[in-house]
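Q: entry_9.txt is the file, holding compact mmCIF, C-alpha atoms:
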```
# COMPACT_ATOMS: atom_id res chain seq x y z
CA MET M 1 0.00 0.00 0.00
CA ARG M 2 2.81 2.32 1.00
CA ASN M 3 4.64 1.46 -2.18
CA ILE M 4 1.61 2.29 -4.30
CA LEU M 5 1.33 5.65 -2.58
CA VAL M 6 5.02 6.35 -3.10
CA PHE M 7 4.64 5.35 -6.73
CA LEU M 8 1.61 7.60 -7.18
CA ILE M 9 3.34 10.60 -5.60
CA ARG M 10 6.52 10.03 -7.53
CA TYR M 11 4.88 9.76 -10.93
CA HIS M 12 1.89 12.02 -10.32
CA PHE M 13 2.90 14.37 -13.12
CA LEU M 14 2.99 11.64 -15.75
CA LEU M 15 -0.12 9.92 -14.42
CA LEU M 16 -2.15 13.12 -14.36
CA PHE M 17 -0.98 13.89 -17.88
CA VAL M 18 -2.08 10.51 -19.19
CA LEU M 19 -5.39 10.76 -17.35
CA LEU M 20 -6.26 14.24 -18.69
CA GLU M 21 -5.11 13.30 -22.18
CA ILE M 22 -7.27 10.18 -22.24
CA PHE M 23 -10.21 12.17 -20.98
CA SER M 24 -9.92 14.94 -23.59
CA ILE M 25 -9.24 12.60 -26.50
CA THR M 26 -12.28 10.54 -25.49
CA LEU M 27 -14.29 13.75 -25.60
CA LEU M 28 -12.89 14.55 -29.03
CA VAL M 29 -13.38 11.14 -30.60
CA ASN M 30 -16.90 10.45 -29.37
CA SER M 31 -18.66 13.47 -30.76
CA THR M 32 -21.99 11.71 -30.23
CA TYR M 33 -20.96 10.77 -26.73
CA TYR M 34 -23.63 11.89 -24.28
CA GLN M 35 -21.23 13.76 -22.00
CA SER M 36 -19.66 15.80 -24.76
CA SER M 37 -23.01 17.01 -26.04
CA ALA M 38 -24.08 17.72 -22.46
CA ILE M 39 -20.95 19.81 -21.85
CA LEU M 40 -21.39 21.67 -25.13
CA LYS M 41 -25.03 22.24 -24.29
CA ALA M 42 -24.17 23.74 -20.93
CA GLY M 43 -21.33 25.68 -22.53
CA SER M 44 -23.44 27.09 -25.33
CA ARG M 45 -25.81 28.59 -22.80
CA VAL M 46 -22.95 30.90 -21.83
CA THR M 47 -20.98 31.17 -25.06
CA GLY M 48 -24.11 31.46 -27.19
CA ASN M 49 -25.34 34.50 -25.33
CA PHE M 50 -21.85 35.94 -25.44
CA TYR M 51 -21.51 35.50 -29.20
CA ASN M 52 -25.05 36.73 -29.66
CA SER M 53 -24.24 40.10 -28.16
CA VAL M 54 -21.04 40.34 -30.19
CA SER M 55 -22.89 39.60 -33.40
CA ASN M 56 -25.61 42.10 -32.47
CA ALA M 57 -22.92 44.74 -32.69
CA THR M 58 -21.24 43.52 -35.88
CA ASP M 59 -24.57 43.02 -37.70
CA TYR M 60 -24.71 46.66 -38.69
CA LEU M 61 -21.60 46.38 -40.82
CA LYS M 62 -23.18 43.77 -43.07
CA LEU M 63 -26.59 45.37 -43.55
CA LYS M 64 -25.93 46.42 -47.11
CA THR M 65 -25.14 42.96 -48.50
CA ILE M 66 -27.98 41.44 -46.53
CA ASN M 67 -30.43 43.92 -47.99
CA GLN M 68 -29.20 43.17 -51.49
CA ASP M 69 -29.62 39.45 -50.92
CA LEU M 70 -33.11 39.95 -49.56
CA ALA M 71 -34.12 42.20 -52.43
CA ARG M 72 -32.92 39.66 -54.96
CA GLU M 73 -34.78 36.89 -53.23
CA ASN M 74 -37.93 39.01 -53.02
CA ALA M 75 -37.75 39.62 -56.75
CA LEU M 76 -37.43 35.90 -57.35
CA LEU M 77 -40.41 35.12 -55.13
CA ARG M 78 -42.48 37.83 -56.76
CA GLN M 79 -41.80 36.21 -60.12
CA MET M 80 -43.29 32.98 -58.85
CA LYS M 81 -46.39 34.60 -57.39
CA GLY M 82 -49.73 34.10 -59.13
CA VAL M 83 -50.19 37.76 -60.00
CA SER M 84 -47.09 37.85 -62.11
CA PHE M 85 -48.45 35.26 -64.52
CA LEU M 86 -50.65 36.32 -67.38
CA LYS M 87 -53.83 34.27 -67.58
CA ASN M 88 -53.99 33.08 -71.17
CA ASP M 89 -56.50 30.35 -70.52
CA THR M 90 -59.79 31.45 -69.05
CA ASN M 91 -60.63 27.91 -68.01
CA SER M 92 -57.83 27.62 -65.43
CA PHE M 93 -58.13 28.90 -61.90
CA TRP M 94 -55.94 29.07 -58.84
CA VAL M 95 -57.46 26.62 -56.39
CA ASN M 96 -56.42 25.20 -53.09
CA ASP M 97 -54.79 22.22 -54.64
CA THR M 98 -54.64 18.89 -52.85
CA LEU M 99 -52.16 17.62 -55.42
CA TYR M 100 -49.46 19.49 -53.57
CA LYS M 101 -48.60 18.97 -49.96
CA GLN M 102 -46.00 21.00 -48.19
CA GLN M 103 -42.83 18.98 -47.62
CA TYR M 104 -40.29 21.54 -46.46
CA ARG M 105 -40.58 24.32 -43.93
CA TYR M 106 -37.96 27.01 -43.46
CA ILE M 107 -36.80 28.55 -40.19
CA VAL M 108 -34.73 31.74 -40.34
CA ALA M 109 -31.66 31.79 -38.10
CA GLU M 110 -28.69 34.05 -37.61
CA VAL M 111 -25.07 32.96 -37.61
CA VAL M 112 -23.40 33.79 -34.30
CA LEU M 113 -20.13 31.94 -34.82
CA ASN M 114 -18.47 30.77 -38.00
CA THR M 115 -15.05 29.58 -39.12
CA VAL M 116 -13.69 28.85 -42.57
CA GLY M 117 -9.96 28.42 -41.99
CA LYS M 118 -9.82 25.11 -40.18
CA ARG M 119 -9.84 21.60 -41.57
CA ASN M 120 -13.17 20.96 -39.88
CA ASN M 121 -15.43 23.99 -39.71
CA TYR M 122 -18.58 24.42 -37.71
CA ILE M 123 -21.20 27.19 -37.54
CA MET M 124 -23.30 28.19 -34.55
CA LEU M 125 -26.84 29.50 -35.10
CA ASP M 126 -29.03 31.44 -32.69
CA LYS M 127 -32.02 29.07 -32.95
CA GLY M 128 -32.38 25.78 -31.12
CA SER M 129 -34.85 23.12 -30.11
CA ARG M 130 -37.20 25.78 -28.83
CA SER M 131 -37.61 27.05 -32.41
CA GLY M 132 -38.20 23.54 -33.69
CA ILE M 133 -34.70 22.77 -34.88
CA GLN M 134 -33.62 19.15 -34.74
CA LYS M 135 -30.49 17.20 -35.53
CA ASP M 136 -29.86 16.40 -39.23
CA MET M 137 -31.79 19.33 -40.64
CA ALA M 138 -30.38 21.09 -43.70
CA VAL M 139 -29.02 24.62 -43.53
CA ILE M 140 -29.15 26.78 -46.67
CA THR M 141 -29.05 30.40 -47.79
CA SER M 142 -30.64 32.00 -50.82
CA ASN M 143 -27.35 31.26 -52.62
CA GLY M 144 -27.15 27.55 -51.87
CA ILE M 145 -26.31 24.82 -49.39
CA VAL M 146 -24.42 25.62 -46.18
CA GLY M 147 -24.42 22.43 -44.09
CA THR M 148 -26.22 20.12 -41.70
CA VAL M 149 -27.30 20.56 -38.07
CA VAL M 150 -25.26 18.24 -35.86
CA ASN M 151 -25.99 19.37 -32.32
CA VAL M 152 -28.95 21.20 -30.79
CA SER M 153 -29.40 22.91 -27.43
CA GLU M 154 -32.41 24.84 -26.22
CA ASN M 155 -31.56 28.15 -27.89
CA PHE M 156 -28.64 27.37 -30.19
CA CYS M 157 -27.48 24.78 -32.66
CA TRP M 158 -24.17 23.70 -34.17
CA VAL M 159 -23.98 23.20 -37.90
CA MET M 160 -21.34 21.17 -39.71
CA SER M 161 -20.60 23.29 -42.74
CA LEU M 162 -19.61 21.94 -46.16
CA LEU M 163 -16.09 23.03 -45.21
CA ASN M 164 -15.56 19.89 -43.15
CA LYS M 165 -13.71 16.63 -43.62
CA HIS M 166 -16.76 14.65 -42.57
CA THR M 167 -19.26 16.34 -44.87
CA ARG M 168 -20.37 14.23 -47.85
CA ILE M 169 -23.46 15.30 -49.72
CA SER M 170 -24.68 14.11 -53.07
CA GLY M 171 -24.62 16.62 -55.90
CA ARG M 172 -25.84 16.45 -59.45
CA ILE M 173 -24.43 18.09 -62.59
CA ILE M 174 -27.56 19.66 -64.01
CA LYS M 175 -26.55 19.42 -67.69
CA ASN M 176 -26.39 15.63 -67.80
CA ASN M 177 -27.97 14.55 -64.50
CA GLN M 178 -24.79 12.80 -63.31
CA MET M 179 -24.65 12.13 -59.58
CA GLY M 180 -21.49 12.67 -57.57
CA THR M 181 -20.25 13.28 -54.05
CA VAL M 182 -19.32 16.76 -52.82
CA VAL M 183 -16.29 16.87 -50.49
CA TRP M 184 -13.88 19.55 -49.30
CA ASN M 185 -10.11 19.10 -49.42
CA GLY M 186 -9.35 21.72 -46.83
CA VAL M 187 -7.32 24.12 -48.94
CA ASN M 188 -9.54 27.04 -49.84
CA HIS M 189 -12.94 27.98 -48.48
CA LEU M 190 -14.09 29.15 -51.91
CA TYR M 191 -13.59 25.82 -53.70
CA GLY M 192 -14.94 22.31 -53.12
CA THR M 193 -14.42 19.05 -54.99
CA LEU M 194 -16.96 16.85 -56.75
CA THR M 195 -15.97 13.20 -57.00
CA ASP M 196 -17.49 9.90 -58.18
CA ILE M 197 -18.42 11.18 -61.65
CA PRO M 198 -17.41 8.46 -64.18
CA ALA M 199 -14.64 9.52 -66.56
CA HIS M 200 -16.60 8.83 -69.76
CA VAL M 201 -19.18 11.53 -69.06
CA LYS M 202 -18.74 14.80 -70.95
CA ILE M 203 -18.55 17.85 -68.71
CA ALA M 204 -17.46 21.43 -69.23
CA LYS M 205 -16.22 24.34 -67.17
CA GLY M 206 -19.08 26.44 -65.87
CA ASP M 207 -21.52 23.54 -65.49
CA THR M 208 -23.84 23.90 -62.52
CA ILE M 209 -23.88 21.51 -59.56
CA GLN M 210 -27.08 21.30 -57.55
CA SER M 211 -28.32 19.09 -54.74
CA SER M 212 -29.71 15.82 -56.01
CA GLY M 213 -32.63 15.40 -53.66
CA TYR M 214 -31.52 11.81 -53.04
CA SER M 215 -31.35 12.43 -49.32
CA TYR M 216 -33.96 13.08 -46.70
CA ILE M 217 -32.16 16.22 -45.65
CA PHE M 218 -31.67 18.55 -48.62
CA PRO M 219 -34.48 19.49 -51.00
CA ALA M 220 -33.61 18.90 -54.67
CA GLY M 221 -32.36 21.68 -56.90
CA LEU M 222 -30.42 23.78 -54.41
CA MET M 223 -27.29 25.42 -55.79
CA ILE M 224 -23.95 23.99 -54.64
CA GLY M 225 -21.53 25.56 -57.11
CA THR M 226 -20.14 25.88 -60.63
CA ILE M 227 -17.36 23.75 -62.11
CA THR M 228 -14.06 25.59 -62.55
CA ASP M 229 -11.82 22.73 -63.68
CA PHE M 230 -11.82 18.96 -64.14
CA ARG M 231 -9.28 16.18 -64.53
CA VAL M 232 -8.92 12.42 -64.22
CA GLU M 233 -6.15 11.43 -61.83
CA GLN M 234 -3.80 8.75 -63.12
CA GLY M 235 -5.18 5.27 -62.57
CA ASP M 236 -8.60 6.56 -61.63
CA HIS M 237 -11.87 5.98 -63.43
CA PHE M 238 -13.57 8.97 -61.94
CA TYR M 239 -13.21 12.69 -62.41
CA THR M 240 -11.80 15.01 -59.78
CA ILE M 241 -13.77 18.19 -60.29
CA PRO M 242 -12.87 21.37 -58.38
CA PHE M 243 -15.79 23.76 -58.26
CA LYS M 244 -16.55 27.17 -56.82
CA PHE M 245 -19.08 27.21 -54.00
CA SER M 246 -22.12 29.36 -54.71
CA VAL M 247 -22.16 30.33 -51.02
CA ASP M 248 -19.48 32.61 -49.65
CA PHE M 249 -18.88 30.86 -46.33
CA ASN M 250 -16.87 33.75 -45.01
CA ALA M 251 -19.82 36.16 -45.32
CA LEU M 252 -22.65 34.12 -43.81
CA GLN M 253 -25.15 36.10 -41.80
CA TYR M 254 -28.72 34.86 -42.11
CA VAL M 255 -29.51 31.28 -43.07
CA TYR M 256 -32.58 29.04 -43.39
CA VAL M 257 -32.87 25.79 -41.52
CA VAL M 258 -34.91 23.33 -43.57
CA ASN M 259 -37.36 21.05 -41.84
CA ASN M 260 -38.37 18.06 -43.95
CA LEU M 261 -41.93 17.35 -42.78
CA MET M 262 -41.92 13.92 -44.38
CA LYS M 263 -38.57 12.75 -43.05
CA VAL M 264 -40.17 10.42 -40.49
CA GLU M 265 -42.30 8.82 -43.17
CA GLN M 266 -39.33 8.44 -45.53
CA ASP M 267 -37.15 7.05 -42.78
CA SER M 268 -39.67 4.48 -41.65
CA LEU M 269 -40.26 3.38 -45.24
CA LYS M 270 -36.53 3.00 -45.71
CA LYS M 271 -36.28 0.95 -42.54
CA VAL M 272 -39.08 -1.35 -43.68
CA THR M 273 -37.42 -1.83 -47.07
CA GLU M 274 -34.05 -2.57 -45.54
CA GLY M 275 -35.67 -4.94 -43.06
CA ILE M 276 -37.08 -6.97 -45.96
CA LYS M 277 -33.67 -7.07 -47.62
CA ASP M 278 -32.10 -8.55 -44.51
CA GLU M 279 -34.38 -11.59 -44.48
CA MET Q 4 2.84 36.52 -4.63
CA ASN Q 5 -0.81 37.61 -4.72
CA ARG Q 6 0.06 40.05 -7.43
CA LEU Q 7 1.52 37.20 -9.46
CA VAL Q 8 -1.69 35.17 -9.16
CA PHE Q 9 -3.78 38.19 -10.04
CA ASN Q 10 -1.64 38.95 -13.10
CA ASN Q 11 -2.03 35.40 -14.35
CA ILE Q 12 -5.80 35.43 -13.90
CA VAL Q 13 -6.10 38.68 -15.85
CA ARG Q 14 -3.80 37.30 -18.55
CA PHE Q 15 -5.98 34.19 -18.80
CA PHE Q 16 -9.13 36.19 -19.52
CA VAL Q 17 -7.46 38.65 -21.86
CA LEU Q 18 -5.90 35.87 -23.95
CA ILE Q 19 -9.12 33.84 -24.12
CA LEU Q 20 -11.03 36.94 -25.25
CA ILE Q 21 -8.47 37.77 -27.93
CA GLN Q 22 -8.48 34.16 -29.03
CA VAL Q 23 -12.22 33.71 -29.47
CA LEU Q 24 -13.08 37.22 -30.66
CA ILE Q 25 -10.23 37.93 -33.04
CA MET Q 26 -7.91 34.99 -33.67
CA ASN Q 27 -10.65 32.44 -34.33
CA LYS Q 28 -11.95 34.68 -37.12
CA ILE Q 29 -8.68 35.23 -38.92
CA ASN Q 30 -8.78 33.56 -42.28
CA PHE Q 31 -5.80 33.94 -44.56
CA TYR Q 32 -6.20 31.49 -47.46
CA GLY Q 33 -7.47 29.05 -44.87
CA PHE Q 34 -4.01 28.33 -43.52
CA LEU Q 35 -3.62 30.73 -40.66
CA ASN Q 36 -5.08 29.53 -37.37
CA PRO Q 37 -3.12 31.16 -34.57
CA TYR Q 38 -3.78 29.79 -31.09
CA ILE Q 39 -2.36 32.50 -28.90
CA TYR Q 40 -3.84 31.20 -25.64
CA VAL Q 41 -0.69 29.04 -25.42
CA LEU Q 42 0.98 32.17 -24.08
CA PHE Q 43 -0.85 31.65 -20.79
CA ILE Q 44 0.80 28.25 -20.35
CA LEU Q 45 4.12 29.71 -21.51
CA LEU Q 46 4.17 32.45 -18.90
CA LEU Q 47 3.20 30.47 -15.80
CA PRO Q 48 5.94 30.91 -13.16
CA PHE Q 49 8.80 28.39 -13.06
CA GLU Q 50 7.75 27.32 -9.58
CA THR Q 51 4.26 26.17 -10.63
CA PRO Q 52 3.86 22.58 -9.37
CA GLY Q 53 3.43 19.96 -12.09
CA TRP Q 54 -0.12 18.99 -11.25
CA LEU Q 55 -1.24 22.62 -11.21
CA LEU Q 56 0.46 23.21 -14.55
CA LEU Q 57 -1.44 20.32 -16.12
CA LEU Q 58 -4.77 21.29 -14.57
CA LEU Q 59 -4.41 24.93 -15.64
CA SER Q 60 -3.47 23.85 -19.17
CA PHE Q 61 -6.49 21.58 -19.27
CA ALA Q 62 -8.79 24.36 -18.04
CA THR Q 63 -7.44 26.78 -20.66
CA GLY Q 64 -7.88 24.29 -23.47
CA LEU Q 65 -11.36 23.31 -22.37
CA THR Q 66 -12.48 26.95 -22.18
CA VAL Q 67 -11.30 27.59 -25.72
CA ASP Q 68 -12.96 24.33 -26.78
CA ILE Q 69 -16.33 25.32 -25.41
CA PHE Q 70 -16.12 28.63 -27.24
CA SER Q 71 -15.10 27.01 -30.54
CA GLY Q 72 -17.28 23.89 -30.40
CA THR Q 73 -14.37 21.48 -30.78
CA LEU Q 74 -14.66 19.58 -27.53
CA GLY Q 75 -11.40 17.94 -26.50
CA LEU Q 76 -9.20 19.24 -29.32
CA HIS Q 77 -7.72 22.26 -27.57
CA ALA Q 78 -7.90 20.56 -24.16
CA SER Q 79 -5.70 17.65 -25.25
CA SER Q 80 -3.24 19.92 -27.07
CA ALA Q 81 -2.96 22.27 -24.11
CA VAL Q 82 -2.40 19.38 -21.69
CA PHE Q 83 0.25 18.03 -24.04
CA VAL Q 84 2.11 21.32 -24.18
CA GLY Q 85 1.79 21.64 -20.39
CA PHE Q 86 3.40 18.23 -20.08
CA ALA Q 87 6.14 19.15 -22.54
CA ARG Q 88 6.95 22.45 -20.80
CA PRO Q 89 9.37 21.15 -18.12
CA LEU Q 90 11.16 19.05 -20.75
CA ILE Q 91 11.50 22.01 -23.10
CA ILE Q 92 12.81 24.22 -20.30
CA LYS Q 93 15.34 21.55 -19.38
CA PHE Q 94 16.27 21.13 -23.05
CA ILE Q 95 17.01 24.81 -23.58
CA GLY Q 96 18.82 25.09 -20.27
CA GLU Q 97 17.78 27.45 -17.51
CA LYS Q 98 19.64 30.54 -16.56
CA PRO Q 99 21.49 29.81 -13.30
CA GLU Q 100 20.34 32.83 -11.30
CA TYR Q 101 16.61 32.60 -10.87
CA ASP Q 102 14.63 32.86 -7.66
CA ILE Q 103 11.03 32.12 -6.74
CA THR Q 104 9.62 35.17 -8.48
CA THR Q 105 11.32 34.57 -11.81
CA GLN Q 106 8.90 33.95 -14.64
CA PRO Q 107 9.71 32.66 -18.11
CA LYS Q 108 9.27 36.16 -19.50
CA LEU Q 109 11.16 37.98 -22.19
CA GLU Q 110 12.61 40.71 -20.00
CA GLN Q 111 13.75 38.31 -17.30
CA MET Q 112 15.21 35.52 -19.37
CA GLY Q 113 16.68 37.42 -22.29
CA PHE Q 114 15.76 37.53 -25.94
CA LYS Q 115 17.61 34.43 -27.16
CA TRP Q 116 16.30 32.17 -24.43
CA PHE Q 117 12.74 33.40 -24.87
CA VAL Q 118 12.72 32.99 -28.67
CA ALA Q 119 13.90 29.38 -28.40
CA TYR Q 120 11.41 28.67 -25.61
CA ALA Q 121 8.42 30.31 -27.33
CA LEU Q 122 9.10 28.77 -30.74
CA LEU Q 123 9.48 25.27 -29.31
CA MET Q 124 6.39 25.54 -27.14
CA VAL Q 125 4.19 27.02 -29.85
CA PHE Q 126 5.38 24.56 -32.46
CA THR Q 127 4.76 21.60 -30.13
CA HIS Q 128 1.24 22.83 -29.47
CA HIS Q 129 0.33 23.63 -33.08
CA PHE Q 130 1.83 20.38 -34.34
CA PHE Q 131 -0.10 18.25 -31.88
CA LEU Q 132 -3.33 20.17 -32.43
CA ASN Q 133 -3.30 20.13 -36.24
CA MET Q 134 -2.26 16.49 -36.42
CA LEU Q 135 -5.07 15.56 -34.06
CA ASP Q 136 -7.56 17.64 -36.03
CA VAL Q 137 -6.68 16.22 -39.45
CA PHE Q 138 -5.88 12.75 -38.08
CA SER Q 139 -4.29 11.35 -41.20
CA PHE Q 140 -0.96 11.57 -42.99
CA ASN Q 141 -2.61 11.86 -46.39
CA GLU Q 142 -2.37 15.62 -46.44
CA PHE Q 143 0.89 15.78 -44.55
CA TRP Q 144 2.58 18.64 -46.43
CA GLN Q 145 -0.53 20.72 -46.45
CA THR Q 146 -0.92 20.18 -42.71
CA LEU Q 147 2.74 21.01 -42.14
CA LEU Q 148 2.36 24.28 -44.04
CA ARG Q 149 -0.65 25.07 -41.86
CA ILE Q 150 1.39 24.34 -38.74
CA VAL Q 151 4.43 26.39 -39.76
CA VAL Q 152 2.47 29.44 -40.90
CA SER Q 153 0.30 29.46 -37.77
CA THR Q 154 3.30 28.89 -35.51
CA LEU Q 155 5.12 31.88 -36.97
CA PHE Q 156 2.09 34.11 -36.58
CA THR Q 157 1.43 33.02 -32.99
CA PHE Q 158 5.11 33.58 -32.24
CA LEU Q 159 5.02 37.11 -33.64
CA PHE Q 160 1.93 37.83 -31.60
CA ILE Q 161 3.63 36.55 -28.45
CA LEU Q 162 6.65 38.80 -29.02
CA LEU Q 163 4.35 41.76 -29.57
CA PHE Q 164 2.33 40.93 -26.47
CA GLU Q 165 5.51 40.66 -24.41
CA TYR Q 166 6.82 44.02 -25.59
CA ILE Q 167 3.51 45.80 -25.06
CA PHE Q 168 2.69 44.40 -21.63
CA THR Q 169 6.12 44.68 -20.06
CA SER Q 170 5.92 47.05 -17.16
CA ARG Q 171 8.68 49.64 -16.85
CA LYS Q 172 9.43 48.50 -13.31
CA ASP Q 173 10.43 45.02 -14.36
CA LYS Q 174 12.76 46.30 -17.01
CA LYS Q 175 15.29 47.74 -14.59
```
Step by step, read the file and then write its structure as structure tokens.
A:
Amino acid sequence: MRNILVFLIRYHFLLLFVLLEIFSITLLVNSTYYQSSAILKAGSRVTGNFYNSVSNATDYLKLKTINQDLARENALLRQMKGVSFLKNDTNSFWVNDTLYKQQYRYIVAEVVLNTVGKRNNYIMLDKGSRSGIQKDMAVITSNGIVGTVVNVSENFCWVMSLLNKHTRISGRIIKNNQMGTVVWNGVNHLYGTLTDIPAHVKIAKGDTIQSSGYSYIFPAGLMIGTITDFRVEQGDHFYTIPFKFSVDFNALQYVYVVNNLMKVEQDSLKKVTEGIKDE
Amino acid sequence: MNRLVFNNIVRFFVLILIQVLIMNKINFYGFLNPYIYVLFILLLPFETPGWLLLLLSFATGLTVDIFSGTLGLHASSAVFVGFARPLIIKFIGEKPEYDITTQPKLEQMGFKWFVAYALLMVFTHHFFLNMLDVFSFNEFWQTLLRIVVSTLFTFLFILLFEYIFTSRKDKK
């Protein structure tokens, strides 16, 4: 017993080091670990309010660009409104149509914390579970896709932006409907990479990449970016396609969180289908 | 002695504030991520007991983590650099004449000693942190560039901080 005590006292520096290191690396590795999300939740109650008041002050500097974005979006919406269509067929009416059912709802949120320079970037928004935000919801702006919600507290949420090693979303080249995977190589926050497009497909610079809609998270047809270059690496059968993001991640201010109202239904259907496959 | 503790507490808060409000937002071609809170660990007095050094490092890292949403990343790197500190000091070689109030500061230890100390400490921290963040050797050169650029910037900041916050009294 005495020897153990002597040992502990003698090597307390090394032991404490190993202990703290194991603890913090466990926190880091298990991002879904209950404790880590509990600590972040408690932390975001303080840090969230702190960042909120900072961003309240810096908001004023960005008003001009925000107004321009809003005006452009308003114009787009006005174009889609009924009154901006000329009725050329007197037999058609606008009716409350049961053919269409709302699938996506949008929640406006403000960015309170954002990084673009790291290998794995996250964004904090000022809306949380109280505003109806849940894990795995999509985050977009009027310019395109931003990321996915990964962690929610009462008043705030953390978003994994496209500028992250772990982000993989499916994108489609609009010209020829080819599906690929959007990843980020960590070099420049303006450019992403589209992979998994077979090398025989014809593509060109300037082609548009949009979301494919083959996920329960992102609605189809959201802008992701435009192709700036393409090449086939030696020994590869797929293109490596650098493209320019349509969203400027460094200038994010207001974003929409997308709630897929039919996600539960889609999920349960998927589960049933996969269950049958297993048998 | 109380004044020493007070100074360190103030330094802690000032550095954390600078880190989360300014440094976390710097973006220079995506390669510049200075982590200047290391300075707090750098400037703890020589006589800080080992366990306190580790616990303070851990607390610093965890605070930055909570503010940046990367739980564990800064904590583990800070603990690592806290652990490495005595070894680095031994490696560089201490000046013979230091008493209980001597701190590893620029004006007390001399320019040469401090540059070697700061560069080694900052590089150790940035290396550990970036390697842990990327967690693969696939992008090794890119990661190394990230580390070197950020290390140099943090180092410059530390020199600046030392020159600005050196009181006239100590200089004599």
Q: Considering all atoms listed in the file, extract the chain Q residues located within 7 Å of chain M and return them as a VMD selection string.
A: chain Q and resid 28 30 32 to 36 53 to 54 57 69 to 70 74 to 76 78 to 79 82 86 137
Q: CA of Phe61 (chain Q) to CA of Ile4 (chain M): how many Å, to one decimal?
A: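 CA of Phe61 (chain Q) sits 25.7 Å away from CA of Ile4 (chain M).
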Q: Looking at all atoms listed in the file, which of Q:His128, Q:Arg149, Q:Lys93, Q:Arg88 is the one that sits closest to Leu47 (chain Q)?
A: Q:Arg88
Q: Mind giving me the straight-line distance from CA of Ser71 (chain Q) to CA of Leu45 (chain Q) in Å, one decimal?
A: 21.4 Å
Q: Can you tell me which residues surround Ile107 (chain M) at a distance of at most 9 Å, considering only C-alpha atoms, apart from same-chain residues fewer than 5 positions away, and format the answer as a PDB file with C-alpha atoms, in the coordinates of the input?
A:
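File produced: selection06.pdb:
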```pdb
ATOM      1  CA  LYS M 127     -32.020  29.070 -32.950  1.00  0.00           C
ATOM      2  CA  SER M 131     -37.610  27.050 -32.410  1.00  0.00           C
ATOM      3  CA  GLY M 132     -38.200  23.540 -33.690  1.00  0.00           C
ATOM      4  CA  ILE M 133     -34.700  22.770 -34.880  1.00  0.00           C
ATOM      5  CA  VAL M 255     -29.510  31.280 -43.070  1.00  0.00           C
ATOM      6  CA  TYR M 256     -32.580  29.040 -43.390  1.00  0.00           C
ATOM      7  CA  VAL M 257     -32.870  25.790 -41.520  1.00  0.00           C
ATOM      8  CA  VAL M 258     -34.910  23.330 -43.570  1.00  0.00           C
ATOM      9  CA  ASN M 259     -37.360  21.050 -41.840  1.00  0.00           C
TER      10      ASN M 259
END
```
Q: Name all residues at most 9 Å from Ile19 (chain Q) (count all atoms listed in the file; drop same-chain ones fewer than 6 positions away) and give them as an MDAnalysis selection string.
A: chainID Q and resid 39:40 63 66:67
Q: Just to confirm, what's the straight-line distance from CA of Tyr191 (chain M) to CA of Leu162 (chain M) in Å (one decimal)?
A: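 CA of Leu162 (chain M) lies at a distance of 10.4 Å from CA of Tyr191 (chain M).
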Q: Point out the residue among Q:Phe117, Q:Phe49, Q:Phe131, Q:Phe168 with the least atom-to-atom distance to His77 (chain Q), counting all atoms listed in the file.
A: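 Once distances to His77 (chain Q) are computed over all atoms listed in the file, the minimum belongs to Q:Phe131.
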Q: Report as a ChimeraX atom specification all protein, DNA and RNA residues lying within 9 Å of Val149 (chain M), evaluated on only C-alpha atoms, omitting residues in the same chain fewer than 6 positions from it.
A: /M:133-139,157-161,257
Q: Identify the residues within 6 Å of coordinate (-15.2, 15.6, -58.5) (same frame as the file), considering all atoms listed in the file, and give the answer as a PyMOL selection string.
A: chain M and resi 193-195+239-241
Q: List the neighbours of Ile227 (chain M) out to 8 Å using all atoms listed in the file; skip same-chain residues closer than 4 positions along the sequence, and give me the result as a list in words.
A: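 Within the cut-off, the hits are Ala204, Lys205, Gly206, Asp207, Thr208, Ile209, Ile241, Pro242, Phe243 and Lys244 of chain M.
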Q: Point out the residue among M:Tyr216, M:Ser211, M:Ser142, M:Met179 with the least atom-to-atom distance to Glu265 (chain M), counting only C-alpha atoms.
A: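 The shortest atom-to-atom distance to Glu265 (chain M) comes from M:Tyr216.
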Q: Taking into account all atoms listed in the file, which residue in the set M:Asn155, M:Val183, M:Asn177, M:Val201 is nearest to Ser129 (chain M)?
A: M:Asn155
Q: Can you list, as an mmCIF file with C-alpha atoms, keeping the file's coordinate frame, every protein, DNA or RNA residue that comes within 8 Å of region 157-165 of chain Q when you count all atoms listed in the file, leaving out same-chain residues fewer than 3 positions away?
A:
```cif
data_model
loop_
_atom_site.group_PDB
_atom_site.id
_atom_site.type_symbol
_atom_site.label_atom_id
_atom_site.label_comp_id
_atom_site.auth_asym_id
_atom_site.auth_seq_id
_atom_site.Cartn_x
_atom_site.Cartn_y
_atom_site.Cartn_z
ATOM 1 C CA PRO Q 37 -3.120 31.160 -34.570
ATOM 2 C CA TYR Q 38 -3.780 29.790 -31.090
ATOM 3 C CA ILE Q 39 -2.360 32.500 -28.900
ATOM 4 C CA LEU Q 42 0.980 32.170 -24.080
ATOM 5 C CA LYS Q 108 9.270 36.160 -19.500
ATOM 6 C CA LEU Q 109 11.160 37.980 -22.190
ATOM 7 C CA ALA Q 121 8.420 30.310 -27.330
ATOM 8 C CA LEU Q 122 9.100 28.770 -30.740
ATOM 9 C CA VAL Q 125 4.190 27.020 -29.850
ATOM 10 C CA SER Q 153 0.300 29.460 -37.770
ATOM 11 C CA THR Q 154 3.300 28.890 -35.510
ATOM 12 C CA PHE Q 168 2.690 44.400 -21.630
ATOM 13 C CA THR Q 169 6.120 44.680 -20.060
#
```
